[in-house]
Amino acid sequence: MISKTSYFVFSFFLLVLATVKAQTYGKHGMVVSDDAYASQVGITILQKGGNAIDAAVATAFALSVTLPQAGNIGGGGFMVYMPKNRDVTTIDFREKAPLLATEDMFLNEDGILIPGSNHTGLKSVGVPGTVAGLYLAHQKYGKLLWRDVVQPSVDLAQNGVSLSYTLATHAKSFSESDAPVFLNNLFRDESGTLLDFGALWKQPALANTLALIKDHGRDGFYKGPVAEELAAFMKDHGGLISKQDLIEYEAIERQAVKGTYKSYDIYSMSPPSSGGVALIEMMNMMESINLDSIPFNSTPYFHLITEVMRRAFADRAEFLGDPDFNDDMPLDQLTSKTFAQNRVSHINMDKASLSDPSKFGQLYDGNNTTHFSVIDKSGNAVSVTYTLEQSYGSGMGSPKLGFLLNNEMGDFNPQFGYTDTGWLIGTAPNKIEPGKRMLSSMTPTIVAKNGLPYLIIGSPGGRTIISTVFQTILAVLQYDMPIHQAIEAVKIHHQWLPDDLIYEKYKLSPNVVSALEEMGHHPVSRDQLGRLMGIIVDDINKVYVGAADSSSPDGAAIGY
Ligand code: GLY
């Protein structure tokens, strides 16, 4: 006989499947996320009278249950908020280096980086910021009671969800590899049996942790039993995070970085994310070029945007880091129109530029971040990207707490002073320092038209986030593309060094790839770039249009 809980889960699953479409319309609200359960939680909160912040907080907590590879309470991220009648603001809940972190913590005795050490084990974990960030956002701008927006995630963890095909394949691969114990046990039932696709997946330890957060707010995580256990787990297993790190962690409200593209205003995340500054620098460069004779998806188009990305990423490497540790970052200069014009003036439309290896290099980083976009009936808009860094973060966590810890320390420059041709960058703004936030590429963005939210967008993808968000916004604003098409359009990525032009192999025509190679580029294929989650406000038809990237196996745009 089917139990009440299973019936609930099954009906919910069917409901969600019925609403998943490439493009979705909503009159009163829209939530687009990487997971249908989480989008549905957000919509339910809107239907109960919550505002966009309530829905965003509820969605984020739900993702921490249903999308464990990136949704989190053990990581960090950024929120951009555009209330209908007030100024845009942002919440920075990026992780911080523990107080015991040192500049050389990932180096051997010869001062050389131990490969992979900055992404492995408990020393790779930054002090988590997600709970503090969501709490701050809710305290300042939420409408419903905190406990009511956290409760749905407690229910999902307690009652269980149907294990998706994607997660079932991850579960199988963890069971067949030497994955950390926490990951190996994540998708098993009480008797230790590995769960299969469609099985009811419950997480009682996570439900307890979320219940403490629901009852005690921020303190439910940074003080009391959760903090005690987290600090003890760190101590017992060679980690650095202490109770003091947890008590002292603060999320920060920061001014959004602002730019314009023609008549549109662009609001995005300021440092410690590099996303907003680089995005605005790229959009400024594009605005200074006459694009009338450059068709979308032509060879000149890809050449041009590659050169634009190459320049913005070089500046990112040189200048950006945590603003609380770098008071001399030239943000006004990097986001100015004249700076962009100057950068563009050195582009040769026939030939690739050189990425000078004697100056900068870049690390690729984790691409298992997740983004979601929300808008409510009053037109308040929220754009959130948050992450554990790599897929499932460090893969580690206390079984008593039930959540995964990030490996975000890998986003610092690990070997200060040493920059090479390929992978290492050693510039000062992003060197490791105790209590510092590591530089991010997350680019949660809101574009406004006539002072009101128009496009809410973001993506996972490590450094490729900036490139994919840039190209999606350009496709909508410059080439008038519908949101769904702009999200699905072929994307490329260039990050200065390594001097590779990454492209989506099934989408970019081989003729274009050859032509770019002849111009001096170094094309390298990848299956896919970005997993964009966007909303457009169609102010003519008075409707919200949401689209979840088709590369997201369980994502959904849900409107009402
Ligand atoms: N961990 C990916 C980012 O912050 O950009």
# chains A, B, ... in the order shown; residues from 1 in each chain; ligands from 1
>>> residues_near_ligand(ligand="ligand 1", cutoff="6 Å", atoms="only C-alpha atoms and all ligand atoms", output="list in words")
Gly366, Glu389, Ser440, Ser441, Met442, Gly462 and Arg463 of chain A
>>> write_last_selection(atoms="all heavy atoms", output="short mmCIF file (atom, residue, chain, number, x, y, z; two decimals), in the first residue's frame")
data_model
loop_
_atom_site.label_atom_id
_atom_site.label_comp_id
_atom_site.auth_asym_id
_atom_site.auth_seq_id
_atom_site.Cartn_x
_atom_site.Cartn_y
_atom_site.Cartn_z
N GLY A 366 35.88 25.47 -10.00
CA GLY A 366 34.71 24.61 -9.95
C GLY A 366 33.52 25.16 -10.72
O GLY A 366 33.31 26.36 -10.76
N GLU A 389 31.74 25.53 -4.40
CA GLU A 389 32.91 25.52 -5.28
C GLU A 389 32.83 24.33 -6.23
O GLU A 389 32.16 24.41 -7.23
CB GLU A 389 34.23 25.59 -4.49
CG GLU A 389 35.51 25.26 -5.26
CD GLU A 389 35.84 26.16 -6.44
OE1 GLU A 389 35.03 27.02 -6.78
OE2 GLU A 389 36.91 25.97 -7.04
N SER A 440 35.63 35.58 -6.28
CA SER A 440 34.63 34.74 -6.95
C SER A 440 34.38 35.24 -8.37
O SER A 440 34.76 36.36 -8.72
CB SER A 440 33.33 34.79 -6.15
OG SER A 440 32.28 34.19 -6.87
N SER A 441 33.72 34.40 -9.16
CA SER A 441 33.27 34.83 -10.49
C SER A 441 31.74 34.86 -10.58
O SER A 441 31.19 35.08 -11.66
CB SER A 441 33.79 33.85 -11.55
OG SER A 441 35.18 33.86 -11.56
N MET A 442 31.08 34.62 -9.47
CA MET A 442 29.62 34.55 -9.53
C MET A 442 29.04 35.91 -9.96
O MET A 442 29.50 36.95 -9.49
CB MET A 442 29.06 34.09 -8.19
CG MET A 442 29.40 32.62 -7.94
SD MET A 442 28.64 31.93 -6.47
CE MET A 442 29.82 32.34 -5.22
N GLY A 462 32.03 28.42 -12.58
CA GLY A 462 33.37 28.97 -12.27
C GLY A 462 33.59 30.24 -13.06
O GLY A 462 32.68 31.06 -13.21
N ARG A 463 34.77 30.38 -13.62
CA ARG A 463 35.07 31.60 -14.36
C ARG A 463 34.22 31.76 -15.62
O ARG A 463 34.00 32.86 -16.10
CB ARG A 463 36.56 31.62 -14.72
CG ARG A 463 37.27 32.73 -13.99
CD ARG A 463 38.69 32.37 -13.70
NE ARG A 463 38.73 31.81 -12.37
CZ ARG A 463 39.81 31.76 -11.61
NH1 ARG A 463 40.94 32.26 -12.07
NH2 ARG A 463 39.77 31.25 -10.41
#
>>> residues_around(residues="Gly111 in chain A", least_positions_apart="5", cutoff="12 Å", atoms="only C-alpha atoms", output="number ranges by chain")
A: 103-106, 414-418
>>> write_last_selection(atoms="N, CA and C atoms", output="CSV table (one decimal), in the first residue's frame")
chain,number,residue,atom,x,y,z
A,103,GLU,N,49.3,32.1,4.2
A,103,GLU,CA,49.6,32.3,2.8
A,103,GLU,C,50.2,31.1,2.1
A,104,ASP,N,50.9,30.3,2.9
A,104,ASP,CA,51.7,29.2,2.3
A,104,ASP,C,51.0,27.8,2.7
A,105,MET,N,49.8,27.8,3.1
A,105,MET,CA,49.2,26.6,3.6
A,105,MET,C,49.1,25.4,2.6
A,106,PHE,N,49.1,25.8,1.3
A,106,PHE,CA,49.0,24.7,0.3
A,106,PHE,C,50.3,24.4,-0.4
A,414,PRO,N,46.8,30.3,-4.9
A,414,PRO,CA,47.4,29.5,-3.8
A,414,PRO,C,48.9,29.7,-3.6
A,415,GLN,N,49.6,30.2,-4.7
A,415,GLN,CA,51.1,30.4,-4.5
A,415,GLN,C,51.4,31.8,-4.8
A,416,PHE,N,51.4,32.6,-3.7
A,416,PHE,CA,51.6,34.1,-3.9
A,416,PHE,C,52.9,34.4,-4.6
A,417,GLY,N,52.8,35.3,-5.6
A,417,GLY,CA,54.0,35.8,-6.2
A,417,GLY,C,54.4,35.0,-7.4
A,418,TYR,N,53.7,33.9,-7.7
A,418,TYR,CA,54.1,33.0,-8.8
A,418,TYR,C,53.0,32.9,-9.8
>>> select_by_dssp(residues="range 89-309 of chain A", states="strand (DSSP E or B)", output="ChimeraX atom specification")
/A:89-93,96,107,113,127,161-162,188,194,200-201,252-254,257-261,264-268,273
>>> atom_distance(atom1="CA of Ile535 in chain A", atom2="CA of Lys258 in chain A")
19.3 Å
>>> residues_around(residues="Ala38 in chain A", least_positions_apart="4", cutoff="9 Å", atoms="only C-alpha atoms", output="list in words")
Val31, Val32, Ser33, Asp34, Gly42, Ile43, Ala58, Thr59, Ala60, Phe61, Ala62, Leu63, Val65, Thr66, Leu67, Ser153, Gly555 and Ala556 of chain A
>>> residues_around(residues="Ala232 in chain A", least_positions_apart="5", cutoff="9 Å", atoms="only C-alpha atoms", output="MDAnalysis selection string")
chainID A and resid 227 237 242:243
>>> residues_around(residues="Gly275 in chain A", least_positions_apart="5", cutoff="8 Å", atoms="only C-alpha atoms", output="list in words")
Ser268, Met269, Ser270, Ser440, Ser441, Met442, Thr443, Pro444, Ile465 and Ile466 of chain A
>>> write_last_selection(atoms="N, CA and C atoms", output="short mmCIF file (atom, residue, chain, number, x, y, z; two decimals), in the first residue's frame")
data_model
loop_
_atom_site.label_atom_id
_atom_site.label_comp_id
_atom_site.auth_asym_id
_atom_site.auth_seq_id
_atom_site.Cartn_x
_atom_site.Cartn_y
_atom_site.Cartn_z
N SER A 268 24.96 44.37 -10.79
CA SER A 268 25.51 43.04 -10.55
C SER A 268 26.37 43.05 -9.29
N MET A 269 27.05 41.92 -9.06
CA MET A 269 27.74 41.74 -7.79
C MET A 269 29.11 42.40 -7.79
N SER A 270 29.35 43.17 -6.76
CA SER A 270 30.64 43.85 -6.59
C SER A 270 31.63 42.90 -5.92
N SER A 440 35.63 35.58 -6.28
CA SER A 440 34.63 34.74 -6.95
C SER A 440 34.38 35.24 -8.37
N SER A 441 33.72 34.40 -9.16
CA SER A 441 33.27 34.83 -10.49
C SER A 441 31.74 34.86 -10.58
N MET A 442 31.08 34.62 -9.47
CA MET A 442 29.62 34.55 -9.53
C MET A 442 29.04 35.91 -9.96
N THR A 443 28.06 35.86 -10.84
CA THR A 443 27.57 37.08 -11.48
C THR A 443 26.04 37.15 -11.45
N PRO A 444 25.44 37.11 -10.26
CA PRO A 444 23.99 37.29 -10.22
C PRO A 444 23.68 38.72 -10.66
N ILE A 465 31.22 31.59 -15.74
CA ILE A 465 29.97 32.28 -15.38
C ILE A 465 29.93 33.66 -16.04
N ILE A 466 31.03 34.38 -15.88
CA ILE A 466 31.04 35.77 -16.36
C ILE A 466 30.79 35.79 -17.86
#
>>> atom_distance(atom1="CA of Ala278 in chain A", atom2="CA of Val469 in chain A")
10.7 Å
>>> residues_around(residues="Ala171 in chain A", least_positions_apart="5", cutoff="12 Å", atoms="only C-alpha atoms", output="ChimeraX atom specification")
/A:68-69,163-166,176-177,179,182-189,193-197,201,392
>>> atom_distance(atom1="CA of His28 in chain A", atom2="CA of Tyr81 in chain A")
17.8 Å
>>> closest_residue(among="A:Lys505, A:Phe319, A:Ile91, A:Leu156", to="Ala132 in chain A", atoms="only C-alpha atoms")
A:Ile91
>>> residues_around(residues="Ala352 in chain A", least_positions_apart="5", cutoff="6 Å", atoms="only C-alpha atoms", output="list in words")
Met519, Gly520 and His521 of chain A
>>> closest_residue(among="A:Met396, A:Leu246, A:Ile53, A:Leu113", to="Lys140 in chain A", atoms="only C-alpha atoms")
A:Ile53
>>> decode(residues="range 421-436 of chain A", atoms="all heavy atoms", output="short mmCIF file (atom, residue, chain, number, x, y, z; two decimals), in the first residue's frame")
data_model
loop_
_atom_site.label_atom_id
_atom_site.label_comp_id
_atom_site.auth_asym_id
_atom_site.auth_seq_id
_atom_site.Cartn_x
_atom_site.Cartn_y
_atom_site.Cartn_z
N THR A 421 52.38 30.22 -17.23
CA THR A 421 51.69 30.34 -18.52
C THR A 421 50.32 29.72 -18.53
O THR A 421 49.49 30.04 -19.37
CB THR A 421 52.50 29.64 -19.63
OG1 THR A 421 52.68 28.29 -19.22
CG2 THR A 421 53.83 30.31 -19.85
N GLY A 422 50.09 28.78 -17.66
CA GLY A 422 48.85 28.03 -17.79
C GLY A 422 47.87 28.23 -16.66
O GLY A 422 46.81 28.82 -16.84
N TRP A 423 48.22 27.77 -15.49
CA TRP A 423 47.19 27.57 -14.48
C TRP A 423 47.36 28.41 -13.23
O TRP A 423 46.41 28.59 -12.48
CB TRP A 423 47.18 26.08 -14.08
CG TRP A 423 47.04 25.21 -15.26
CD1 TRP A 423 48.03 24.51 -15.89
CD2 TRP A 423 45.86 25.00 -16.04
NE1 TRP A 423 47.54 23.86 -16.98
CE2 TRP A 423 46.20 24.15 -17.10
CE3 TRP A 423 44.54 25.46 -15.93
CZ2 TRP A 423 45.29 23.74 -18.06
CZ3 TRP A 423 43.64 25.04 -16.88
CH2 TRP A 423 44.01 24.20 -17.92
N LEU A 424 48.54 28.85 -12.97
CA LEU A 424 48.75 29.51 -11.69
C LEU A 424 48.77 31.02 -11.80
O LEU A 424 49.36 31.59 -12.72
CB LEU A 424 50.09 29.06 -11.08
CG LEU A 424 50.03 27.72 -10.36
CD1 LEU A 424 51.42 27.28 -9.95
CD2 LEU A 424 49.14 27.83 -9.13
N ILE A 425 48.15 31.65 -10.83
CA ILE A 425 48.19 33.10 -10.75
C ILE A 425 48.60 33.47 -9.33
O ILE A 425 48.13 32.86 -8.37
CB ILE A 425 46.85 33.72 -11.16
CG1 ILE A 425 46.91 35.21 -10.98
CG2 ILE A 425 45.69 33.18 -10.38
CD1 ILE A 425 45.87 35.93 -11.78
N GLY A 426 49.48 34.47 -9.22
CA GLY A 426 50.00 34.76 -7.89
C GLY A 426 49.86 36.21 -7.47
O GLY A 426 50.60 36.69 -6.61
N THR A 427 48.90 36.92 -8.05
CA THR A 427 48.78 38.36 -7.75
C THR A 427 48.26 38.58 -6.32
O THR A 427 47.57 37.74 -5.74
CB THR A 427 47.83 39.05 -8.75
OG1 THR A 427 46.65 38.27 -8.86
CG2 THR A 427 48.48 39.15 -10.12
N ALA A 428 48.59 39.77 -5.80
CA ALA A 428 48.36 40.06 -4.39
C ALA A 428 46.89 40.19 -3.97
O ALA A 428 46.53 39.74 -2.88
CB ALA A 428 49.12 41.33 -4.00
N PRO A 429 46.03 40.83 -4.79
CA PRO A 429 44.69 41.09 -4.26
C PRO A 429 43.95 39.83 -3.79
O PRO A 429 43.10 39.91 -2.92
CB PRO A 429 43.95 41.72 -5.45
CG PRO A 429 45.02 42.31 -6.30
CD PRO A 429 46.22 41.40 -6.14
N ASN A 430 44.31 38.66 -4.35
CA ASN A 430 43.59 37.44 -3.99
C ASN A 430 44.51 36.40 -3.35
O ASN A 430 44.28 35.20 -3.45
CB ASN A 430 42.88 36.87 -5.23
CG ASN A 430 41.91 35.76 -4.89
OD1 ASN A 430 41.25 35.79 -3.85
ND2 ASN A 430 41.82 34.77 -5.76
N LYS A 431 45.55 36.84 -2.67
CA LYS A 431 46.39 35.87 -1.93
C LYS A 431 45.67 35.48 -0.62
O LYS A 431 44.78 36.21 -0.15
CB LYS A 431 47.77 36.46 -1.64
CG LYS A 431 47.77 37.54 -0.59
CD LYS A 431 49.19 37.95 -0.25
CE LYS A 431 49.16 38.97 0.88
NZ LYS A 431 50.43 39.49 1.28
N ILE A 432 46.05 34.36 -0.07
CA ILE A 432 45.36 33.87 1.15
C ILE A 432 45.75 34.73 2.35
O ILE A 432 46.93 34.99 2.59
CB ILE A 432 45.75 32.41 1.46
CG1 ILE A 432 45.43 31.51 0.26
CG2 ILE A 432 45.03 31.91 2.72
CD1 ILE A 432 45.91 30.06 0.42
N GLU A 433 44.74 35.18 3.09
CA GLU A 433 44.97 35.89 4.37
C GLU A 433 43.85 35.48 5.32
O GLU A 433 42.71 35.27 4.89
CB GLU A 433 44.94 37.41 4.16
CG GLU A 433 46.10 37.92 3.31
CD GLU A 433 46.05 39.43 3.10
OE1 GLU A 433 46.35 40.17 4.05
OE2 GLU A 433 45.70 39.85 1.99
N PRO A 434 44.16 35.35 6.61
CA PRO A 434 43.11 34.95 7.57
C PRO A 434 41.92 35.91 7.53
O PRO A 434 42.12 37.12 7.50
CB PRO A 434 43.82 35.04 8.93
CG PRO A 434 45.27 35.09 8.65
CD PRO A 434 45.45 35.62 7.26
N GLY A 435 40.73 35.36 7.51
CA GLY A 435 39.53 36.19 7.55
C GLY A 435 39.17 36.85 6.23
O GLY A 435 38.21 37.63 6.16
N LYS A 436 39.90 36.54 5.18
CA LYS A 436 39.65 37.19 3.88
C LYS A 436 38.68 36.35 3.04
O LYS A 436 38.66 35.13 3.16
CB LYS A 436 40.99 37.30 3.16
CG LYS A 436 41.00 38.09 1.87
CD LYS A 436 42.43 38.11 1.32
CE LYS A 436 42.60 39.01 0.13
NZ LYS A 436 44.02 39.02 -0.32
#
